[in-house]
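K.L.:
Got a structure here, written out as structure tokens. Questions coming.
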There are 2 protein chains.
Amino acid sequence: MDLDERNKKVLQAVIDSYISTGAPIGSNVLCKRYDFGLSSATLRNIMAELEEMGFLSHPHTSAGRIPTDQGYRYYIDGLISTSNDVDEIDGQIRQTPSLQGNDVKELMAEASQFLATLSHCAGVVVAPNEPEGQYKHIEFVRLRGRDVLIIFVTASGIVQNKLIELDEKISQHELNYFSSFLDEELEERSLLEVRRRLVEQMQEHKLVFTRLMEETYRASQEVQGRDSEHVFIGGASQILESPEFANVDKMRALFKAFEDKYKLLKLLDRSVTAEGIKVFIGSENPYFEVQGCSMVVSNYQAGANVVGTLGVIGPTRMQYKQVIQVVDYTAKLLSRLLGERLQKGLER
Amino acid sequence: MDLDERNKKVLQAVIDSYISTGAPIGSNVLCKRYDFGLSSATLRNIMAELEEMGFLSHPHTSAGRIPTDQGYRYYIDGLISTSNDVDEIDGQIRQTPSLQGNDVKELMAEASQFLATLSHCAGVVVAPNEPEGQYKHIEFVRLRGRDVLIIFVTASGIVQNKLIELDEKISQHELNYFSSFLDEELEERSLLEVRRRLVEQMQEHKLVFTRLMEETYRASQEVQGRDSEHVFIGGASQILESPEFANVDKMRALFKAFEDKYKLLKLLDRSVTAEGIKVFIGSENPYFEVQGCSMVVSNYQAGANVVGTLGVIGPTRMQYKQVIQVVDYTAKLLSRLLGERLQKGLER
DNA sequence: ATTAGCACTCTATTATGGTGAGTGCTAATA
DNA sequence: TATTAGCACTCACCATAATAGAGTGCTAAT
């Protein structure tokens, strides 16, 4: 399905126009606004052709053309492959305060807000999941005789805490002993190894500590858990600004979808397999039921490993050029920040 | 401004009807649906009187009556003082899964969701703030030479962590020493005392530890911090179900307001001074600009102290009876759970 | 004091016609 | 052969008008 150079230009123009005005565009306006050296009649023929091929459509007989999802797809594929232009949003990014959260969760929340502000879409960030992440420290704090607070720390500074109730009393002294034991045992291991090691240990020592080990095991799972607490949505109200969501039912559907963070999580996790920016247009995404939405997503890294996903959700008619740049920038920014944190955790 | 028994009944009926149907009610329908033993003409006179007094109003000449904010106020004041009826929502509450979060934050998020589900409004919970809360433990984890992770734990099991960079290198051994020192020094003290003590200590020891103390001080502030991270909103999309928000602009305004959690925080913190349920109707609340909203809020406790606020935000036309019961129930439930946690932390 | 009756008011709904942007087709043109 | 001018036709959109119906306020009778 390849297009003539001229047709390509016309398609581009139609989509550009539609993206910026939101109104269907007719042959006359197109002819006047862009300089094709062609008459409106010829444009009409071309547009009819593009419609035939599935790139454009008609809201009704006497309206102008609007892009179909397939049209957007063609447009964006062209965009991504040739996106070496100067950063047009550079100025905006400079003006926006950067991320500085201490806590990883804080950082994620800020990043989602950052995305939203710059893209005028809802920003979504899935918190890091590092099976290769390194164990750093475990701490047990005895509260009452049988109640113990477990604090699990990874090298990149993620802290997971958990309140449990043991079957038997245990002293703080014993807890400290056990914590040093684990620190020594698990030092420098990856979370995956940590869990394997814990299982082995549990089979050896069939003691009081078994329960503690079990819970430590759970904590190590939770630290890289994939539940709704690990999804951050910022600036959802940005979407409400766009006229395509000036419809009450659509809004409702959208916010319902946002509340089901778990689904969103699965969606984002599955969507992004390869590295780099990915764009999902309208119906292309089977998991997100809301009509007329697109997603622009990317991976981010901590050190050498891809650990999470971030992106934006907005109307299909969005400013893809800018949005792609913003998502790309944010992914790189977050990767850099996490990389730094990781460095701090690993060096000695 | 006291009402005749008969007028009271009519007002009650009008508001009941309006709350359940959402449509202005006329004298004819009122006459047929409720059994006053009065003709529609008499009701017309009464309604005109109630309007005169400011309890009812007219959308336009030939429409039925709807309650004013003042009308609601009267209605609710009567409601609260006489709310000793059987729990009508009892069944629903039993069917709804209860709160079980481990982490305090998780618990708060669950509570906001719980409120929303039962009240069909947005649920809001402000996380506990306990100046009287007790210090339990501090832990310093050395990451790289100058980077240290501070973990601050209170008796009720709240964990606050913070990543800092010192000016000088420091060994894990020194950190452990300092942590034991602080644990001994601050044991059993309230957060308020902890901060006072830290200031004193800082003046005595003008050493490397000063920076650590400073940051410990900050962590102790943050643990009872009052920033946007401490506000939990659940089920905001519930509000979208009600027809009064079927208006796009209102929706927008509402969600904008929800995103400004900081403002919401101040609003809730200020609103509730006395104990017990409070209801804010429409314009009564000067800080929340969205028109047509009411709030039902209550305090909750940890042990003997009031530590936080929770409630719901919904359309002025909400099922106050049920909602009040739900908010009351949730506040008590949360108080109980926090009380239990606190017990665990304090006993030895 | 209450009620029946009635004229009046105002919204909501439906019907109607005009307007204009845009198309598709045909015939003329380069 | 590709392009263009011209023209009839379509259809959403808007404003206006007409109608129906719910509800009121007032007056006079009970």
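Naming works like this for the structure tokens: A, B, ... for the chains as they're shown, residue 1 at the start of each chain, ligands 1 onward in shown order.
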Could you tell me, as a PyMOL selection string, which residues of region 16-251 of chain A DSSP assigns to helix (DSSP H, G or I) when given the backbone?

P.N.:
chain A and resi 16-21+27-33+40-52+69-81+90-95+104-119+172-186+191-204+209-223+228-230+237-240+243-245+248-251

K.L.:
Can you write out as CSV which residues of chain C fall within 9 Å of chain B, alongside each residue's closest atom pair and its distance in Å to one decimal, counting only C-alpha atoms (C1' of nucleotides) and ordering rows by chain and ascending residue number?

P.N.:
residue,atom,partner,partner_atom,distance
C:DT2,C1',B:Thr42,CA,6.7
C:DT3,C1',B:Ala41,CA,6.6
C:DA4,C1',B:Ala41,CA,8.5
C:DT9,C1',B:Ser62,CA,6.2
C:DC10,C1',B:Ser62,CA,5.7
C:DT11,C1',B:Ser62,CA,7.9

K.L.:
For DT26 (chain C), please output as a list of chain:residue names all residues within 12 Å (counting only C-alpha atoms (C1' of nucleotides); exclusion window: fewer than 2 positions along the same chain).

P.N.:
C:DG24, C:DA28, D:DT4, D:DA5, D:DG6, D:DC7, D:DA8

K.L.:
Could you dump the residues just selected with N, CA and C atoms (P, O5', C5', C4', C3', O3' and C1' of nucleotides) as a PDB file, in the first residue's frame?

P.N.:
ATOM      1  P    DG C  24     -16.746  12.714  -3.278  1.00  0.00           P
ATOM      2  O5'  DG C  24     -17.630  12.552  -4.603  1.00  0.00           O
ATOM      3  C5'  DG C  24     -19.025  12.322  -4.495  1.00  0.00           C
ATOM      4  C4'  DG C  24     -19.655  12.440  -5.878  1.00  0.00           C
ATOM      5  C3'  DG C  24     -18.832  11.795  -6.985  1.00  0.00           C
ATOM      6  O3'  DG C  24     -19.722  11.118  -7.868  1.00  0.00           O
ATOM      7  C1'  DG C  24     -19.160  14.085  -7.493  1.00  0.00           C
ATOM      8  P    DA C  28     -18.118  20.517 -23.885  1.00  0.00           P
ATOM      9  O5'  DA C  28     -16.860  21.435 -23.560  1.00  0.00           O
ATOM     10  C5'  DA C  28     -17.032  22.605 -22.740  1.00  0.00           C
ATOM     11  C4'  DA C  28     -15.697  23.013 -22.175  1.00  0.00           C
ATOM     12  C3'  DA C  28     -14.621  23.312 -23.224  1.00  0.00           C
ATOM     13  O3'  DA C  28     -13.961  24.517 -22.881  1.00  0.00           O
ATOM     14  C1'  DA C  28     -13.804  21.736 -21.673  1.00  0.00           C
TER      15       DA C  28
ATOM     16  P    DT D   4      -4.745  21.771 -12.152  1.00  0.00           P
ATOM     17  O5'  DT D   4      -6.091  22.366 -12.717  1.00  0.00           O
ATOM     18  C5'  DT D   4      -6.074  23.091 -13.946  1.00  0.00           C
ATOM     19  C4'  DT D   4      -7.481  23.351 -14.406  1.00  0.00           C
ATOM     20  C3'  DT D   4      -8.395  24.008 -13.364  1.00  0.00           C
ATOM     21  O3'  DT D   4      -8.913  25.205 -13.923  1.00  0.00           O
ATOM     22  C1'  DT D   4      -9.486  22.211 -14.443  1.00  0.00           C
ATOM     23  P    DA D   5      -9.301  26.384 -12.925  1.00  0.00           P
ATOM     24  O5'  DA D   5     -10.746  26.720 -13.484  1.00  0.00           O
ATOM     25  C5'  DA D   5     -10.935  26.796 -14.893  1.00  0.00           C
ATOM     26  C4'  DA D   5     -12.391  26.534 -15.221  1.00  0.00           C
ATOM     27  C3'  DA D   5     -13.397  27.208 -14.286  1.00  0.00           C
ATOM     28  O3'  DA D   5     -14.340  27.896 -15.089  1.00  0.00           O
ATOM     29  C1'  DA D   5     -13.886  24.886 -14.493  1.00  0.00           C
ATOM     30  P    DG D   6     -15.468  28.777 -14.469  1.00  0.00           P
ATOM     31  O5'  DG D   6     -16.702  27.773 -14.532  1.00  0.00           O
ATOM     32  C5'  DG D   6     -16.922  27.020 -15.714  1.00  0.00           C
ATOM     33  C4'  DG D   6     -18.125  26.121 -15.521  1.00  0.00           C
ATOM     34  C3'  DG D   6     -19.212  26.705 -14.615  1.00  0.00           C
ATOM     35  O3'  DG D   6     -20.471  26.474 -15.224  1.00  0.00           O
ATOM     36  C1'  DG D   6     -18.577  24.579 -13.816  1.00  0.00           C
ATOM     37  P    DC D   7     -21.749  27.255 -14.655  1.00  0.00           P
ATOM     38  O5'  DC D   7     -22.589  26.032 -14.098  1.00  0.00           O
ATOM     39  C5'  DC D   7     -22.684  24.830 -14.858  1.00  0.00           C
ATOM     40  C4'  DC D   7     -23.318  23.748 -14.012  1.00  0.00           C
ATOM     41  C3'  DC D   7     -24.358  24.260 -13.011  1.00  0.00           C
ATOM     42  O3'  DC D   7     -25.466  23.384 -12.991  1.00  0.00           O
ATOM     43  C1'  DC D   7     -22.765  22.983 -11.892  1.00  0.00           C
ATOM     44  P    DA D   8     -26.874  23.960 -12.613  1.00  0.00           P
ATOM     45  O5'  DA D   8     -27.623  22.619 -12.185  1.00  0.00           O
ATOM     46  C5'  DA D   8     -27.352  21.396 -12.872  1.00  0.00           C
ATOM     47  C4'  DA D   8     -27.278  20.256 -11.873  1.00  0.00           C
ATOM     48  C3'  DA D   8     -28.403  20.253 -10.834  1.00  0.00           C
ATOM     49  O3'  DA D   8     -28.849  18.922 -10.660  1.00  0.00           O
ATOM     50  C1'  DA D   8     -26.326  20.277  -9.726  1.00  0.00           C
TER      51       DA D   8
END

K.L.:
Based on only C-alpha atoms, which of the residues in chain B come within 9 Å of chain A? I want them as a PyMOL selection string.

P.N.:
chain B and resi 102-103+106+136-137+139+141-147+149+151+153+155-157+159+161-164+229+234-238+240-241+245-249+251-253+255-256+259+343-348

K.L.:
Could you save those same residues with N, CA and C atoms as a compact mmCIF listing (two decimals), in the first residue's frame?

P.N.:
# COMPACT_ATOMS: atom_id res chain seq x y z
N ASN B 102 -1.98 -3.22 54.52
CA ASN B 102 -0.87 -3.36 55.45
C ASN B 102 -0.27 -2.00 55.76
N ASP B 103 0.20 -1.41 54.72
CA ASP B 103 0.79 -0.10 54.74
C ASP B 103 -0.30 0.92 55.07
N GLU B 106 -1.74 2.42 51.93
CA GLU B 106 -2.63 1.48 51.26
C GLU B 106 -4.01 1.53 51.93
N LYS B 136 9.66 5.50 66.96
CA LYS B 136 9.95 4.09 67.21
C LYS B 136 11.39 3.74 66.87
N HIS B 137 11.81 4.12 65.69
CA HIS B 137 13.11 3.64 65.24
C HIS B 137 13.60 4.48 64.08
N GLU B 139 16.70 4.31 60.93
CA GLU B 139 17.68 3.45 60.30
C GLU B 139 18.39 4.24 59.20
N VAL B 141 20.85 3.76 55.96
CA VAL B 141 21.49 2.77 55.08
C VAL B 141 22.45 3.51 54.17
N ARG B 142 23.70 3.14 54.25
CA ARG B 142 24.70 3.79 53.41
C ARG B 142 24.61 3.21 52.01
N LEU B 143 24.51 4.06 51.04
CA LEU B 143 24.49 3.57 49.66
C LEU B 143 25.88 3.75 49.08
N ARG B 144 26.19 4.90 48.56
CA ARG B 144 27.56 5.17 48.16
C ARG B 144 28.16 6.03 49.25
N GLY B 145 29.46 6.16 49.25
CA GLY B 145 30.18 6.93 50.26
C GLY B 145 29.37 8.04 50.90
N ARG B 146 28.83 8.95 50.10
CA ARG B 146 28.18 10.10 50.69
C ARG B 146 26.66 10.05 50.62
N ASP B 147 26.14 9.00 50.00
CA ASP B 147 24.69 8.91 49.90
C ASP B 147 24.11 8.00 50.97
N LEU B 149 20.43 6.58 52.86
CA LEU B 149 18.98 6.46 52.88
C LEU B 149 18.52 6.49 54.33
N ILE B 151 15.53 6.03 57.03
CA ILE B 151 14.22 5.41 57.19
C ILE B 151 13.71 5.70 58.60
N VAL B 153 10.67 5.48 61.38
CA VAL B 153 9.51 4.65 61.70
C VAL B 153 8.81 5.16 62.96
N ALA B 155 5.61 4.63 65.94
CA ALA B 155 5.03 3.52 66.68
C ALA B 155 3.84 2.92 65.96
N SER B 156 3.11 3.75 65.23
CA SER B 156 1.93 3.20 64.56
C SER B 156 2.31 2.57 63.22
N GLY B 157 3.62 2.46 62.97
CA GLY B 157 4.06 1.70 61.80
C GLY B 157 4.12 2.50 60.52
N VAL B 159 6.07 4.52 57.88
CA VAL B 159 7.47 4.53 57.47
C VAL B 159 7.71 5.68 56.50
N ASN B 161 10.73 7.43 54.14
CA ASN B 161 12.13 7.32 53.74
C ASN B 161 12.57 8.47 52.88
N LYS B 162 13.87 8.68 52.82
CA LYS B 162 14.42 9.91 52.30
C LYS B 162 15.86 9.63 51.87
N LEU B 163 16.19 10.03 50.66
CA LEU B 163 17.55 9.80 50.16
C LEU B 163 18.33 11.11 50.24
N ILE B 164 19.46 11.13 50.93
CA ILE B 164 20.24 12.37 51.02
C ILE B 164 21.69 12.14 50.64
N GLU B 229 0.64 14.30 48.84
CA GLU B 229 0.77 12.84 48.94
C GLU B 229 -0.10 12.26 50.04
N GLY B 234 -10.78 8.54 46.00
CA GLY B 234 -11.18 7.29 45.36
C GLY B 234 -12.52 7.43 44.67
N GLY B 235 -12.68 6.75 43.57
CA GLY B 235 -13.97 6.69 42.90
C GLY B 235 -14.52 8.01 42.45
N ALA B 236 -13.64 8.88 41.98
CA ALA B 236 -14.10 10.20 41.52
C ALA B 236 -15.12 10.06 40.40
N SER B 237 -15.01 8.99 39.64
CA SER B 237 -15.94 8.84 38.51
C SER B 237 -17.36 8.55 38.96
N GLN B 238 -17.52 8.20 40.22
CA GLN B 238 -18.87 8.01 40.76
C GLN B 238 -19.72 9.25 40.54
N LEU B 240 -19.63 11.33 38.27
CA LEU B 240 -20.05 11.53 36.88
C LEU B 240 -21.38 10.85 36.58
N GLU B 241 -21.76 9.92 37.41
CA GLU B 241 -23.02 9.22 37.18
C GLU B 241 -24.22 10.15 37.39
N PHE B 245 -24.00 16.50 36.84
CA PHE B 245 -22.66 16.73 36.30
C PHE B 245 -22.57 16.22 34.86
N ALA B 246 -23.72 16.08 34.25
CA ALA B 246 -23.74 15.70 32.84
C ALA B 246 -23.36 16.90 31.99
N ASN B 247 -22.88 17.92 32.64
CA ASN B 247 -22.48 19.15 31.96
C ASN B 247 -20.96 19.17 31.88
N VAL B 248 -20.47 19.37 30.69
CA VAL B 248 -19.03 19.22 30.47
C VAL B 248 -18.20 20.20 31.29
N ASP B 249 -18.66 21.44 31.34
CA ASP B 249 -17.87 22.44 32.06
C ASP B 249 -17.78 22.13 33.54
N MET B 251 -17.97 19.19 34.90
CA MET B 251 -17.06 18.06 35.03
C MET B 251 -15.62 18.52 35.06
N ARG B 252 -15.32 19.33 34.09
CA ARG B 252 -13.96 19.85 33.98
C ARG B 252 -13.56 20.51 35.29
N ALA B 253 -14.41 21.40 35.76
CA ALA B 253 -14.12 22.15 36.98
C ALA B 253 -13.88 21.19 38.13
N PHE B 255 -12.94 18.01 38.12
CA PHE B 255 -11.71 17.23 38.07
C PHE B 255 -10.47 18.10 38.25
N LYS B 256 -10.56 19.32 37.77
CA LYS B 256 -9.47 20.25 38.06
C LYS B 256 -9.31 20.38 39.56
N GLU B 259 -7.66 17.54 41.19
CA GLU B 259 -6.23 17.41 40.95
C GLU B 259 -5.41 18.31 41.86
N GLN B 343 -1.78 0.31 69.22
CA GLN B 343 -1.58 -0.60 70.34
C GLN B 343 -0.34 -1.45 70.11
N LYS B 344 -0.28 -2.04 68.92
CA LYS B 344 0.83 -2.90 68.60
C LYS B 344 2.16 -2.18 68.74
N GLY B 345 2.17 -0.94 68.33
CA GLY B 345 3.42 -0.19 68.37
C GLY B 345 3.82 0.20 69.78
N LEU B 346 2.86 0.44 70.65
CA LEU B 346 3.18 0.99 71.96
C LEU B 346 3.53 -0.08 72.98
N GLU B 347 2.80 -1.17 72.95
CA GLU B 347 3.06 -2.21 73.94
C GLU B 347 4.44 -2.81 73.74
N ARG B 348 4.84 -3.49 74.71
CA ARG B 348 6.20 -4.05 74.61
C ARG B 348 6.19 -5.49 75.05

K.L.:
At a cut-off of 12 Å, can you tabulate as a Markdown table every residue of chain D near chain A together with its closest atom pair and the distance in Å to one decimal, using only C-alpha atoms (C1' of nucleotides) and ordering rows by chain then number?

P.N.:
| residue | atom | partner | partner_atom | distance |
| --- | --- | --- | --- | --- |
| D:DA2 | C1' | A:Thr42 | CA | 9.4 |
| D:DT3 | C1' | A:Thr42 | CA | 6.7 |
| D:DT4 | C1' | A:Ala41 | CA | 6.7 |
| D:DA5 | C1' | A:Ala41 | CA | 8.5 |
| D:DG6 | C1' | A:Ala41 | CA | 10.5 |
| D:DC9 | C1' | A:Ser62 | CA | 9.7 |
| D:DT10 | C1' | A:Ser62 | CA | 6.1 |
| D:DC11 | C1' | A:Ser62 | CA | 5.9 |
| D:DA12 | C1' | A:Ser62 | CA | 8.0 |
| D:DC13 | C1' | A:Ala63 | CA | 11.7 |

K.L.:
Report as a list in words all protein, DNA and RNA residues lying within 8 Å of Gln172 (chain A), evaluated on only C-alpha atoms (C1' of nucleotides), omitting residues in the same chain fewer than 2 positions from it.

P.N.:
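Counting only the stated atoms, we get Phe140, Val141, Arg142, Ile170, Glu174, Leu175 and Asn176 of chain A.
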
K.L.:
Please write the residues from the selection above to a file, keeping N, CA and C atoms, as an mmCIF file, in the first residue's frame.

P.N.:
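The resulting file, result12.cif, is shown below:
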data_model
loop_
_atom_site.group_PDB
_atom_site.id
_atom_site.type_symbol
_atom_site.label_atom_id
_atom_site.label_comp_id
_atom_site.auth_asym_id
_atom_site.auth_seq_id
_atom_site.Cartn_x
_atom_site.Cartn_y
_atom_site.Cartn_z
ATOM 1 N N PHE A 140 14.296 -5.348 60.446
ATOM 2 C CA PHE A 140 13.089 -5.778 61.152
ATOM 3 C C PHE A 140 12.913 -4.919 62.395
ATOM 4 N N VAL A 141 11.762 -4.306 62.538
ATOM 5 C CA VAL A 141 11.516 -3.499 63.733
ATOM 6 C C VAL A 141 10.424 -4.179 64.540
ATOM 7 N N ARG A 142 10.760 -4.519 65.756
ATOM 8 C CA ARG A 142 9.787 -5.187 66.607
ATOM 9 C C ARG A 142 8.851 -4.140 67.184
ATOM 10 N N ILE A 170 9.388 -12.695 69.704
ATOM 11 C CA ILE A 170 10.770 -12.687 69.252
ATOM 12 C C ILE A 170 11.382 -11.364 69.691
ATOM 13 N N GLU A 174 17.189 -10.743 68.518
ATOM 14 C CA GLU A 174 17.122 -11.841 67.556
ATOM 15 C C GLU A 174 16.852 -11.316 66.150
ATOM 16 N N LEU A 175 15.965 -10.349 66.086
ATOM 17 C CA LEU A 175 15.637 -9.768 64.780
ATOM 18 C C LEU A 175 16.869 -9.153 64.142
ATOM 19 N N ASN A 176 17.638 -8.448 64.954
ATOM 20 C CA ASN A 176 18.846 -7.818 64.429
ATOM 21 C C ASN A 176 19.819 -8.869 63.923
#

K.L.:
I'd like the contact shell of Ile15 (chain A) - 10 Å cut-off, only C-alpha atoms (C1' of nucleotides), skipping same-chain residues fewer than 2 positions apart - returned as a list in words.

P.N.:
Lys9, Val10, Leu11, Gln12, Ala13, Ser17, Tyr18, Ile19, Ser20, Thr21, Gly22, Pro24, Ile25, Phe55, Leu56, Arg65, Ile66, Pro67, Thr68, Gly71, Tyr72, Tyr75 and Arg317 of chain A

K.L.:
Grab the residues selected above and save them as an mmCIF file, in the first residue's frame with N, CA and C atoms.

P.N.:
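Output contents, as saved in part35.cif:
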data_model
loop_
_atom_site.group_PDB
_atom_site.id
_atom_site.type_symbol
_atom_site.label_atom_id
_atom_site.label_comp_id
_atom_site.auth_asym_id
_atom_site.auth_seq_id
_atom_site.Cartn_x
_atom_site.Cartn_y
_atom_site.Cartn_z
ATOM 1 N N LYS A 9 1.798 13.936 0.106
ATOM 2 C CA LYS A 9 1.780 15.325 0.557
ATOM 3 C C LYS A 9 0.373 15.764 0.913
ATOM 4 N N VAL A 10 -0.569 15.352 0.071
ATOM 5 C CA VAL A 10 -1.959 15.748 0.332
ATOM 6 C C VAL A 10 -2.446 15.122 1.632
ATOM 7 N N LEU A 11 -2.172 13.836 1.804
ATOM 8 C CA LEU A 11 -2.578 13.156 3.033
ATOM 9 C C LEU A 11 -1.998 13.864 4.244
ATOM 10 N N GLN A 12 -0.721 14.156 4.162
ATOM 11 C CA GLN A 12 -0.028 14.864 5.232
ATOM 12 C C GLN A 12 -0.749 16.173 5.554
ATOM 13 N N ALA A 13 -1.061 16.906 4.501
ATOM 14 C CA ALA A 13 -1.695 18.213 4.684
ATOM 15 C C ALA A 13 -3.063 18.076 5.337
ATOM 16 N N SER A 17 -3.827 19.571 8.992
ATOM 17 C CA SER A 17 -4.905 20.538 9.162
ATOM 18 C C SER A 17 -5.926 20.050 10.182
ATOM 19 N N TYR A 18 -6.298 18.777 10.036
ATOM 20 C CA TYR A 18 -7.302 18.241 10.950
ATOM 21 C C TYR A 18 -6.796 18.232 12.381
ATOM 22 N N ILE A 19 -5.536 17.901 12.555
ATOM 23 C CA ILE A 19 -4.982 17.866 13.904
ATOM 24 C C ILE A 19 -5.008 19.247 14.538
ATOM 25 N N SER A 20 -4.694 20.265 13.730
ATOM 26 C CA SER A 20 -4.621 21.575 14.375
ATOM 27 C C SER A 20 -5.970 22.270 14.503
ATOM 28 N N THR A 21 -6.906 21.998 13.603
ATOM 29 C CA THR A 21 -8.201 22.683 13.730
ATOM 30 C C THR A 21 -9.300 21.809 14.319
ATOM 31 N N GLY A 22 -9.210 20.525 14.080
ATOM 32 C CA GLY A 22 -10.251 19.639 14.586
ATOM 33 C C GLY A 22 -11.467 19.571 13.690
ATOM 34 N N PRO A 24 -13.234 18.861 9.866
ATOM 35 C CA PRO A 24 -13.014 18.183 8.589
ATOM 36 C C PRO A 24 -12.574 19.220 7.563
ATOM 37 N N ILE A 25 -11.712 18.828 6.657
ATOM 38 C CA ILE A 25 -11.213 19.820 5.698
ATOM 39 C C ILE A 25 -11.647 19.467 4.267
ATOM 40 N N PHE A 55 -7.465 5.784 3.779
ATOM 41 C CA PHE A 55 -6.719 6.717 4.616
ATOM 42 C C PHE A 55 -7.568 7.872 5.125
ATOM 43 N N LEU A 56 -8.613 8.168 4.388
ATOM 44 C CA LEU A 56 -9.469 9.283 4.794
ATOM 45 C C LEU A 56 -10.914 8.801 4.861
ATOM 46 N N ARG A 65 -12.937 16.011 4.512
ATOM 47 C CA ARG A 65 -12.346 14.727 4.883
ATOM 48 C C ARG A 65 -11.713 14.782 6.263
ATOM 49 N N ILE A 66 -11.711 13.659 6.922
ATOM 50 C CA ILE A 66 -10.951 13.480 8.153
ATOM 51 C C ILE A 66 -10.145 12.201 8.027
ATOM 52 N N PRO A 67 -9.040 12.103 8.779
ATOM 53 C CA PRO A 67 -8.205 10.905 8.670
ATOM 54 C C PRO A 67 -8.873 9.704 9.328
ATOM 55 N N THR A 68 -8.649 8.527 8.805
ATOM 56 C CA THR A 68 -9.030 7.297 9.496
ATOM 57 C C THR A 68 -7.848 6.883 10.367
ATOM 58 N N GLY A 71 -5.083 6.166 8.281
ATOM 59 C CA GLY A 71 -4.433 7.390 7.830
ATOM 60 C C GLY A 71 -3.419 7.887 8.841
ATOM 61 N N TYR A 72 -3.845 7.939 10.085
ATOM 62 C CA TYR A 72 -2.930 8.359 11.153
ATOM 63 C C TYR A 72 -1.703 7.464 11.193
ATOM 64 N N TYR A 75 0.680 8.353 8.567
ATOM 65 C CA TYR A 75 1.232 9.671 8.921
ATOM 66 C C TYR A 75 2.324 9.516 9.971
ATOM 67 N N ARG A 317 -6.866 12.665 17.841
ATOM 68 C CA ARG A 317 -6.397 13.890 17.203
ATOM 69 C C ARG A 317 -5.486 14.637 18.173
#

K.L.:
I'd like the neighbourhood of Pro315 (chain B) as a list in words, where a residue qualifies if any of its atoms comes within 7 Å (using only C-alpha atoms (C1' of nucleotides)), though same-chain residues fewer than 2 positions away should be ignored.

P.N.:
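These residues fall inside the cut-off: Gly292, Cys293, Ser294, Arg317 and Met318 of chain B.
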
K.L.:
Select from region 29-263 of chain B everything DSSP, run on the backbone, classes as strand (DSSP E), then give the selection as a PyMOL selection string.

P.N.:
chain B and resi 56-57+66-67+122-126+135-142+147-154+159-165+231-234

K.L.:
If we count only C-alpha atoms (C1' of nucleotides) and set the cut-off at 7 Å, which residues sit around region 213-218 of chain B, ignoring sequence neighbours fewer than 6 positions away in its own chain? Please answer as a list of chain:residue names.

P.N.:
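Non-adjacent residues within range: B:Arg195, B:Leu198, B:Met202.
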
K.L.:
Take the selection from the previous step and output its residues with C-alpha atoms, as an mmCIF file, in the first residue's frame.

P.N.:
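Saved file selection-v4.cif follows:
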data_model
loop_
_atom_site.group_PDB
_atom_site.id
_atom_site.type_symbol
_atom_site.label_atom_id
_atom_site.label_comp_id
_atom_site.auth_asym_id
_atom_site.auth_seq_id
_atom_site.Cartn_x
_atom_site.Cartn_y
_atom_site.Cartn_z
ATOM 1 C CA ARG B 195 11.914 17.496 67.102
ATOM 2 C CA LEU B 198 16.865 17.025 67.959
ATOM 3 C CA MET B 202 22.232 19.735 67.248
#

K.L.:
Could you state the separation of CA of Leu337 (chain A) and CA of Leu267 (chain A) in Å, given to one decimal place?

P.N.:
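If I compute the distance from CA of Leu337 (chain A) to CA of Leu267 (chain A), I get 24.9 Å.
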
K.L.:
What does the distance from CA of Val323 (chain A) to CA of Ser27 (chain A) come to in Å, to one decimal?

P.N.:
28.1 Å

K.L.:
Please measure the separation of CA of Phe280 (chain B) and CA of Met295 (chain B), giving the value in Å to one decimal.

P.N.:
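Between CA of Phe280 (chain B) and CA of Met295 (chain B) the gap works out to 5.1 Å.
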
K.L.:
Determine the nearest neighbour of Val296 (chain A) from the options A:Val194, A:Val124, A:Ala274, A:Ile233, counting only C-alpha atoms.

P.N.:
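The answer is A:Val124, which sits nearest to Val296 (chain A).
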